[in-house]
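File shown: protein00.tsv. Contents: TSV, C-alpha atoms.
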chain	number	residue	atom	x	y	z
V	1	MET	CA	-4.55	-3.79	16.65
V	2	LYS	CA	-7.63	-4.53	14.56
V	3	LYS	CA	-8.93	-0.96	14.90
V	4	LEU	CA	-5.55	0.48	13.96
V	5	PHE	CA	-5.37	-1.86	10.96
V	6	LEU	CA	-8.70	-0.59	9.66
V	7	VAL	CA	-7.76	3.06	10.23
V	8	LEU	CA	-4.52	2.74	8.27
V	9	CYS	CA	-5.98	0.86	5.31
V	10	VAL	CA	-7.17	4.03	3.55
V	11	PRO	CA	-10.86	3.08	3.36
V	12	GLY	CA	-12.91	5.30	1.11
V	13	LEU	CA	-9.87	7.22	-0.08
V	14	PHE	CA	-10.63	6.71	-3.74
V	15	VAL	CA	-14.29	7.40	-4.28
V	16	SER	CA	-14.92	8.03	-7.94
V	17	SER	CA	-14.08	5.99	-10.98
V	18	ALA	CA	-16.33	7.80	-13.43
V	19	GLY	CA	-14.42	8.74	-16.56
V	20	ALA	CA	-11.32	6.89	-15.39
V	21	SER	CA	-8.91	5.41	-17.91
V	22	PRO	CA	-8.48	1.65	-17.92
V	23	LEU	CA	-5.60	0.59	-15.71
V	24	GLU	CA	-2.46	-0.86	-17.22
V	25	LYS	CA	-0.81	-4.00	-15.85
V	26	GLY	CA	2.19	-2.00	-14.59
V	27	GLN	CA	-0.08	0.40	-12.72
V	28	ILE	CA	-1.94	-2.42	-11.02
V	29	GLN	CA	1.35	-4.09	-10.07
V	30	ALA	CA	2.72	-0.84	-8.61
V	31	VAL	CA	-0.38	-0.39	-6.44
V	32	LYS	CA	-0.23	-4.03	-5.35
V	33	GLU	CA	3.40	-3.66	-4.32
V	34	VAL	CA	2.56	-0.66	-2.14
V	35	GLY	CA	-0.35	-2.63	-0.65
V	36	ASN	CA	1.96	-5.57	-0.03
V	37	LEU	CA	4.37	-3.34	1.85
V	38	ASN	CA	1.51	-1.82	3.82
V	39	GLY	CA	0.46	-5.27	5.02
V	40	VAL	CA	4.01	-5.99	6.18
V	41	ALA	CA	4.27	-2.57	7.84
V	42	LEU	CA	1.09	-3.18	9.80
V	43	ASN	CA	2.14	-6.69	10.77
V	44	CYS	CA	5.59	-5.55	11.91
V	45	ARG	CA	4.18	-2.49	13.67
V	46	PHE	CA	6.10	-0.09	11.45
V	47	PHE	CA	3.36	2.47	11.93
V	48	ASP	CA	5.53	5.36	10.76
V	49	GLN	CA	6.01	3.54	7.45
V	50	ALA	CA	2.30	2.65	7.22
V	51	LYS	CA	1.54	6.36	7.61
V	52	ARG	CA	4.16	7.16	4.94
V	53	ILE	CA	2.59	4.58	2.59
V	54	LYS	CA	-0.85	6.12	3.09
V	55	GLN	CA	0.55	9.55	2.19
V	56	ILE	CA	2.32	8.11	-0.87
V	57	MET	CA	-1.03	6.76	-2.08
V	58	ILE	CA	-2.80	10.07	-1.49
V	59	ASP	CA	-0.08	12.11	-3.17
V	60	ASN	CA	0.50	9.97	-6.26
V	61	LEU	CA	-2.68	8.27	-7.40
V	62	PRO	CA	-5.77	9.54	-9.17
V	63	LYS	CA	-8.84	9.29	-6.98
V	64	GLN	CA	-10.33	6.05	-8.34
V	65	ARG	CA	-12.26	3.53	-6.30
V	66	GLU	CA	-10.66	0.64	-8.21
V	67	LEU	CA	-7.17	1.73	-7.11
V	68	GLY	CA	-8.22	1.98	-3.49
V	69	GLN	CA	-9.81	-1.46	-3.67
V	70	ILE	CA	-6.67	-3.01	-5.20
V	71	PHE	CA	-4.59	-1.41	-2.45
V	72	GLU	CA	-6.90	-2.58	0.35
V	73	ASP	CA	-7.19	-6.11	-1.03
V	74	GLU	CA	-3.42	-6.46	-1.34
V	75	THR	CA	-2.85	-4.96	2.12
V	76	ASN	CA	-5.19	-7.53	3.66
V	77	ALA	CA	-3.72	-10.43	1.66
V	78	SER	CA	-0.18	-9.37	2.53
V	79	PHE	CA	-1.00	-9.03	6.23
V	80	LEU	CA	-2.44	-12.56	6.27
V	81	ARG	CA	0.42	-14.05	4.20
V	82	PHE	CA	3.00	-12.53	6.50
V	83	THR	CA	1.18	-13.74	9.61
V	84	ARG	CA	0.82	-17.29	8.28
V	85	ALA	CA	4.42	-17.48	7.08
V	86	ALA	CA	5.67	-16.44	10.54
V	87	LYS	CA	8.63	-14.68	8.92
V	88	PRO	CA	10.77	-12.30	10.92
V	89	CYS	CA	10.22	-8.62	10.21
V	90	PRO	CA	12.77	-6.87	8.03
V	91	SER	CA	14.97	-4.25	9.62
V	92	PRO	CA	13.33	-0.81	9.75
V	93	VAL	CA	16.07	0.63	7.52
V	94	GLU	CA	15.72	-2.11	4.92
V	95	PHE	CA	11.94	-1.77	4.96
V	96	ALA	CA	12.11	2.02	4.53
V	97	GLU	CA	14.31	1.48	1.45
V	98	HIS	CA	11.71	-0.89	-0.03
V	99	VAL	CA	9.00	1.69	0.56
V	100	GLY	CA	11.10	4.31	-1.23
V	101	GLU	CA	11.60	1.96	-4.19
V	102	ALA	CA	7.87	1.22	-4.33
V	103	GLU	CA	7.12	4.95	-4.21
V	104	GLU	CA	9.37	5.56	-7.22
V	105	ALA	CA	7.74	2.69	-9.14
V	106	LEU	CA	4.29	4.13	-8.33
V	107	LYS	CA	5.36	7.57	-9.54
V	108	GLN	CA	6.60	6.07	-12.80
V	109	ALA	CA	3.37	4.09	-13.26
V	110	PHE	CA	1.23	7.18	-12.59
V	111	PRO	CA	3.30	10.10	-13.90
V	112	VAL	CA	0.39	12.56	-13.81
V	113	ASN	CA	-2.57	12.21	-11.48

Rewrite the structure of this file - the entire thing - as structure tokens.
Amino acid sequence: MKKLFLVLCVPGLFVSSAGASPLEKGQIQAVKEVGNLNGVALNCRFFDQAKRIKQIMIDNLPKQRELGQIFEDETNASFLRFTRAAKPCPSPVEFAEHVGEAEEALKQAFPVN
């Protein structure tokens, strides 16, 4: 599980922040929400959704190290929060809907990458 967790976390995806615009609060929040969902997906073994989340990040964000770090940090925090809370996993259909909503919010926060 640990190896799979590291593989799906998108390490090194965003490598350059040179010349990057400062991030707005809404952009940071949108990335954190996707990271939060990724942590839940990994915890609940929704690997198809974790793969979808990774692709959403690749397709919609500018390649900035800071964004990748925010995503990774929130993924890890979410994974730990979910584990400690011992909550039941959401239904796969409900979770997929949340991922779709988060994707739309990310697209609105980063209209052009």

| note | Using all atoms listed in the file, the shortest atom-to-atom distance to Gln55 (chain V) among V:Ile28, V:Val99, V:Cys89, V:Val112 belongs to V:Val99

Compile the contact shell of Leu61 (chain V) as a compact mmCIF listing (two decimals) with C-alpha atoms, in the coordinates of the input: residues with an atom at most 10 Å away, counting only C-alpha atoms, same-chain residues fewer than 3 positions apart removed.
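Result file is selection.txt:
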# COMPACT_ATOMS: atom_id res chain seq x y z
CA PHE V 14 -10.63 6.71 -3.74
CA GLN V 27 -0.08 0.40 -12.72
CA VAL V 31 -0.38 -0.39 -6.44
CA ILE V 56 2.32 8.11 -0.87
CA MET V 57 -1.03 6.76 -2.08
CA ILE V 58 -2.80 10.07 -1.49
CA GLN V 64 -10.33 6.05 -8.34
CA LEU V 67 -7.17 1.73 -7.11
CA GLY V 68 -8.22 1.98 -3.49
CA LEU V 106 4.29 4.13 -8.33
CA LYS V 107 5.36 7.57 -9.54
CA ALA V 109 3.37 4.09 -13.26
CA PHE V 110 1.23 7.18 -12.59
CA PRO V 111 3.30 10.10 -13.90
CA VAL V 112 0.39 12.56 -13.81
CA ASN V 113 -2.57 12.21 -11.48

Give me, as a compact mmCIF listing (two decimals) with C-alpha atoms, keeping the file's coordinate frame, all polymer residues having an atom no more than 7 Å from Thr75 (chain V), counting all atoms listed in the file and skipping those fewer than 3 positions away in the same chain.
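Heads up, here's the output in out.txt:
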# COMPACT_ATOMS: atom_id res chain seq x y z
CA GLY V 35 -0.35 -2.63 -0.65
CA ASN V 36 1.96 -5.57 -0.03
CA ASN V 38 1.51 -1.82 3.82
CA GLY V 39 0.46 -5.27 5.02
CA PHE V 71 -4.59 -1.41 -2.45
CA GLU V 72 -6.90 -2.58 0.35
CA SER V 78 -0.18 -9.37 2.53
CA PHE V 79 -1.00 -9.03 6.23

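Using all atoms listed in the file, the smallest distance between any of V:Gln49, V:Glu33, V:Glu74, V:Cys44 and Pro88 (chain V) comes from V:Cys44.
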
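The space separating CA of Val34 (chain V) from CA of Glu97 (chain V) comes to 12.5 Å.
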
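Taking CA of Gln108 (chain V) and CA of Asn76 (chain V) as endpoints, the distance between them is 24.4 Å.
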
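If you look at CA of Phe95 (chain V) and CA of Val40 (chain V), they are 9.1 Å away from each other.
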
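Comparing the minimum interatomic distances between Ala102 (chain V) and each of V:Lys32, V:Lys51, V:Lys63, V:Arg84, counting all atoms listed in the file, we find that V:Lys32 sits nearest.
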
| remark: One residue among V:Asp59, V:Arg65, V:Glu24, V:Ile53 is nearest to Gly100 (chain V) when using all atoms listed in the file, and that residue is V:Ile53

Let me have the centre and edge lengths of the axis-aligned box enclosing all listed atoms of region 107-113 of chain V with 8 Å padding on every side, in Å to one decimal, as JSON.
{"center_x": 2.0, "center_y": 8.3, "center_z": -11.7, "size_x": 25.2, "size_y": 24.5, "size_z": 20.4}
